[in-house]
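Beneath this line is the structure, given in structure tokens, with notes to follow.
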Amino acid sequence: MKYDGLDATALSARLGAPNCVALERVTSTLDIIHQLAEDGAPHGTLVLADEQVKGRGRQSHYWHSPRGSGVWLGSLLRPAAPVEGGVLAIRAGICLVRALADLDVVAKLKWPNDIMVHDRKLAGILCEARWSGQQVLWVALGIGINVHGPLPREIADRAIALDEVLPGIGRLKVLDALMPWLRGLADRPTLGEHECFEFGRCDWLAGRPVLEPVAGTAQGIDRDGALLVETLEGIERVVGGTIVTA
Ligand code: BTN
């Protein structure tokens, strides 16, 4: 199958992935990554699909992934040292913000994994790890980017497609910008000082009142990728759940 005119070999060469699989229709690119990982595929294996019929997001949400309209990407990471999915998701989000900046699009990162443009969600990230005891066997990193609109009416007020701000943009151009930043994603177990600083510059929640999962004011993240919320009792770390703002 060809993905925007390129076969798997041409995609691997262009995107610098050791192994690339391009598929027309899948349940989820994450499912394909888990299968390939079980079969021994190498770190950096990339799966791109035209369409996902069971695309998934955080907390079992459905991820709308119609044919040809976005980048529905799965990437296989085999971290050398244990690394939390939360750290990887934040790091991947920073990579996406950098890639969008390279395309002259200003994006914000809403903890933990929403990429926001004009206060609407452009992209999301989902990491699924498989463990053997204390050892992480692999992580399937999933990235979904809405590239071509129009989006369905039910989500159009809170989601955005990239071609609304970059008319004529194509999926390959998005991947060209993103893939170099994703290299080395799993090299370090915690976020570095510079990554926290970069997060701070694009932090959509910073200073906003948060109602749930704890009430307070968002105050950035720590090196483990936890959200810091200043509450009446002091700073609380939030590691999961859905953030509800006032
Ligand atoms: C979220 O915002 O909740 C995360 C959305 C992640 C969607 C991507 S699309 C490619 C990969 N395959 C999936 O089924 N999900 C991720």
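Every chain in the structure tokens takes a letter, A first, then B, and so on in the order presented; its residues are numbered from 1, and the ligands are numbered from 1 following the presented order.
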
Discussion item. As a quick test: using only C-alpha atoms and all ligand atoms, which residues lie no more than 6 Å away from ligand 1? Give them as a PyMOL selection string.
Written reply: chain A and resi 28-30+55-58+63+72-74+114+124-126+142-144

Worksheet entry | region 121-228 of chain A: residues DSSP assigns to alpha helix (DSSP H), reported as a list in words |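 Those residues are Arg171, Leu172, Lys173, Val174, Leu175, Asp176, Ala177, Leu178, Met179, Pro180, Trp181, Leu182, Glu193, His194, Glu195, Cys196, Phe197, Glu198, Phe199, Gly200 and Arg201 of chain A.
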
For those residues, write N, CA and C atoms to a file as a PDB file, in the first residue's frame.
```
ATOM      1  N   ARG A 171       0.168  15.189   5.003  1.00  0.00           N
ATOM      2  CA  ARG A 171       0.638  14.344   6.107  1.00  0.00           C
ATOM      3  C   ARG A 171       2.153  14.147   6.079  1.00  0.00           C
ATOM      4  N   LEU A 172       2.724  14.029   4.861  1.00  0.00           N
ATOM      5  CA  LEU A 172       4.174  13.781   4.800  1.00  0.00           C
ATOM      6  C   LEU A 172       4.970  14.969   5.341  1.00  0.00           C
ATOM      7  N   LYS A 173       4.497  16.165   5.053  1.00  0.00           N
ATOM      8  CA  LYS A 173       5.188  17.374   5.571  1.00  0.00           C
ATOM      9  C   LYS A 173       5.145  17.390   7.102  1.00  0.00           C
ATOM     10  N   VAL A 174       4.023  16.940   7.658  1.00  0.00           N
ATOM     11  CA  VAL A 174       3.899  16.895   9.122  1.00  0.00           C
ATOM     12  C   VAL A 174       4.899  15.875   9.671  1.00  0.00           C
ATOM     13  N   LEU A 175       4.961  14.709   9.017  1.00  0.00           N
ATOM     14  CA  LEU A 175       5.881  13.658   9.473  1.00  0.00           C
ATOM     15  C   LEU A 175       7.336  14.091   9.291  1.00  0.00           C
ATOM     16  N   ASP A 176       7.626  14.793   8.196  1.00  0.00           N
ATOM     17  CA  ASP A 176       9.000  15.304   7.987  1.00  0.00           C
ATOM     18  C   ASP A 176       9.420  16.188   9.164  1.00  0.00           C
ATOM     19  N   ALA A 177       8.483  17.004   9.628  1.00  0.00           N
ATOM     20  CA  ALA A 177       8.815  17.927  10.729  1.00  0.00           C
ATOM     21  C   ALA A 177       8.919  17.181  12.056  1.00  0.00           C
ATOM     22  N   LEU A 178       8.077  16.165  12.237  1.00  0.00           N
ATOM     23  CA  LEU A 178       7.996  15.504  13.551  1.00  0.00           C
ATOM     24  C   LEU A 178       9.086  14.453  13.788  1.00  0.00           C
ATOM     25  N   MET A 179       9.350  13.622  12.786  1.00  0.00           N
ATOM     26  CA  MET A 179      10.170  12.426  13.038  1.00  0.00           C
ATOM     27  C   MET A 179      11.572  12.733  13.586  1.00  0.00           C
ATOM     28  N   PRO A 180      12.260  13.767  13.087  1.00  0.00           N
ATOM     29  CA  PRO A 180      13.606  14.014  13.657  1.00  0.00           C
ATOM     30  C   PRO A 180      13.547  14.318  15.150  1.00  0.00           C
ATOM     31  N   TRP A 181      12.484  14.968  15.609  1.00  0.00           N
ATOM     32  CA  TRP A 181      12.389  15.301  17.029  1.00  0.00           C
ATOM     33  C   TRP A 181      12.121  14.065  17.887  1.00  0.00           C
ATOM     34  N   LEU A 182      11.491  13.058  17.291  1.00  0.00           N
ATOM     35  CA  LEU A 182      11.121  11.877  18.097  1.00  0.00           C
ATOM     36  C   LEU A 182      12.305  10.957  18.393  1.00  0.00           C
ATOM     37  N   GLU A 193      15.982  19.387  32.765  1.00  0.00           N
ATOM     38  CA  GLU A 193      15.649  20.765  33.140  1.00  0.00           C
ATOM     39  C   GLU A 193      15.147  21.546  31.927  1.00  0.00           C
ATOM     40  N   HIS A 194      15.817  21.329  30.790  1.00  0.00           N
ATOM     41  CA  HIS A 194      15.431  22.088  29.606  1.00  0.00           C
ATOM     42  C   HIS A 194      14.039  21.674  29.114  1.00  0.00           C
ATOM     43  N   GLU A 195      13.741  20.367  29.243  1.00  0.00           N
ATOM     44  CA  GLU A 195      12.410  19.906  28.814  1.00  0.00           C
ATOM     45  C   GLU A 195      11.323  20.533  29.695  1.00  0.00           C
ATOM     46  N   CYS A 196      11.596  20.616  31.013  1.00  0.00           N
ATOM     47  CA  CYS A 196      10.609  21.249  31.910  1.00  0.00           C
ATOM     48  C   CYS A 196      10.450  22.721  31.551  1.00  0.00           C
ATOM     49  N   PHE A 197      11.569  23.356  31.205  1.00  0.00           N
ATOM     50  CA  PHE A 197      11.519  24.769  30.808  1.00  0.00           C
ATOM     51  C   PHE A 197      10.686  24.927  29.522  1.00  0.00           C
ATOM     52  N   GLU A 198      10.948  24.027  28.559  1.00  0.00           N
ATOM     53  CA  GLU A 198      10.187  24.095  27.298  1.00  0.00           C
ATOM     54  C   GLU A 198       8.709  23.847  27.537  1.00  0.00           C
ATOM     55  N   PHE A 199       8.430  22.887  28.419  1.00  0.00           N
ATOM     56  CA  PHE A 199       7.025  22.621  28.748  1.00  0.00           C
ATOM     57  C   PHE A 199       6.390  23.901  29.293  1.00  0.00           C
ATOM     58  N   GLY A 200       7.139  24.573  30.187  1.00  0.00           N
ATOM     59  CA  GLY A 200       6.628  25.796  30.810  1.00  0.00           C
ATOM     60  C   GLY A 200       6.273  26.863  29.776  1.00  0.00           C
ATOM     61  N   ARG A 201       7.041  26.900  28.694  1.00  0.00           N
ATOM     62  CA  ARG A 201       6.777  27.933  27.673  1.00  0.00           C
ATOM     63  C   ARG A 201       5.510  27.663  26.875  1.00  0.00           C
TER      64      ARG A 201
END
```

Discussion item. Quick one: residues within 8 Å of region 33-45 of chain A, only C-alpha atoms, excluding same-chain residues fewer than 5 positions away - as an MDAnalysis selection string?
Written reply: chainID A and resid 17:21 74:78 138 140

Worksheet entry | Best match for closeness to Gln134 (chain A) among A:Asp104, A:Glu233, A:Glu84, A:Asp7, counting only C-alpha atoms |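 That would be A:Glu84, the residue with the smallest distance to Gln134 (chain A).
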
Worksheet entry | 10 Å contact set for Ala107 (chain A), only C-alpha atoms, chain neighbours under 3 positions out, as JSON, numbers by chain | {"A": [94, 96, 97, 98, 99, 100, 101, 104, 110, 114, 115, 116, 117, 118, 119, 120, 121, 122, 202, 203, 204]}

Worksheet item: Hey, which of A:Glu212, A:Cys95, A:Val83, A:Gly170 ends up closest to Tyr3 (chain A)? Count only C-alpha atoms.
Response: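 Smallest separation from Tyr3 (chain A) among the options: A:Gly170.
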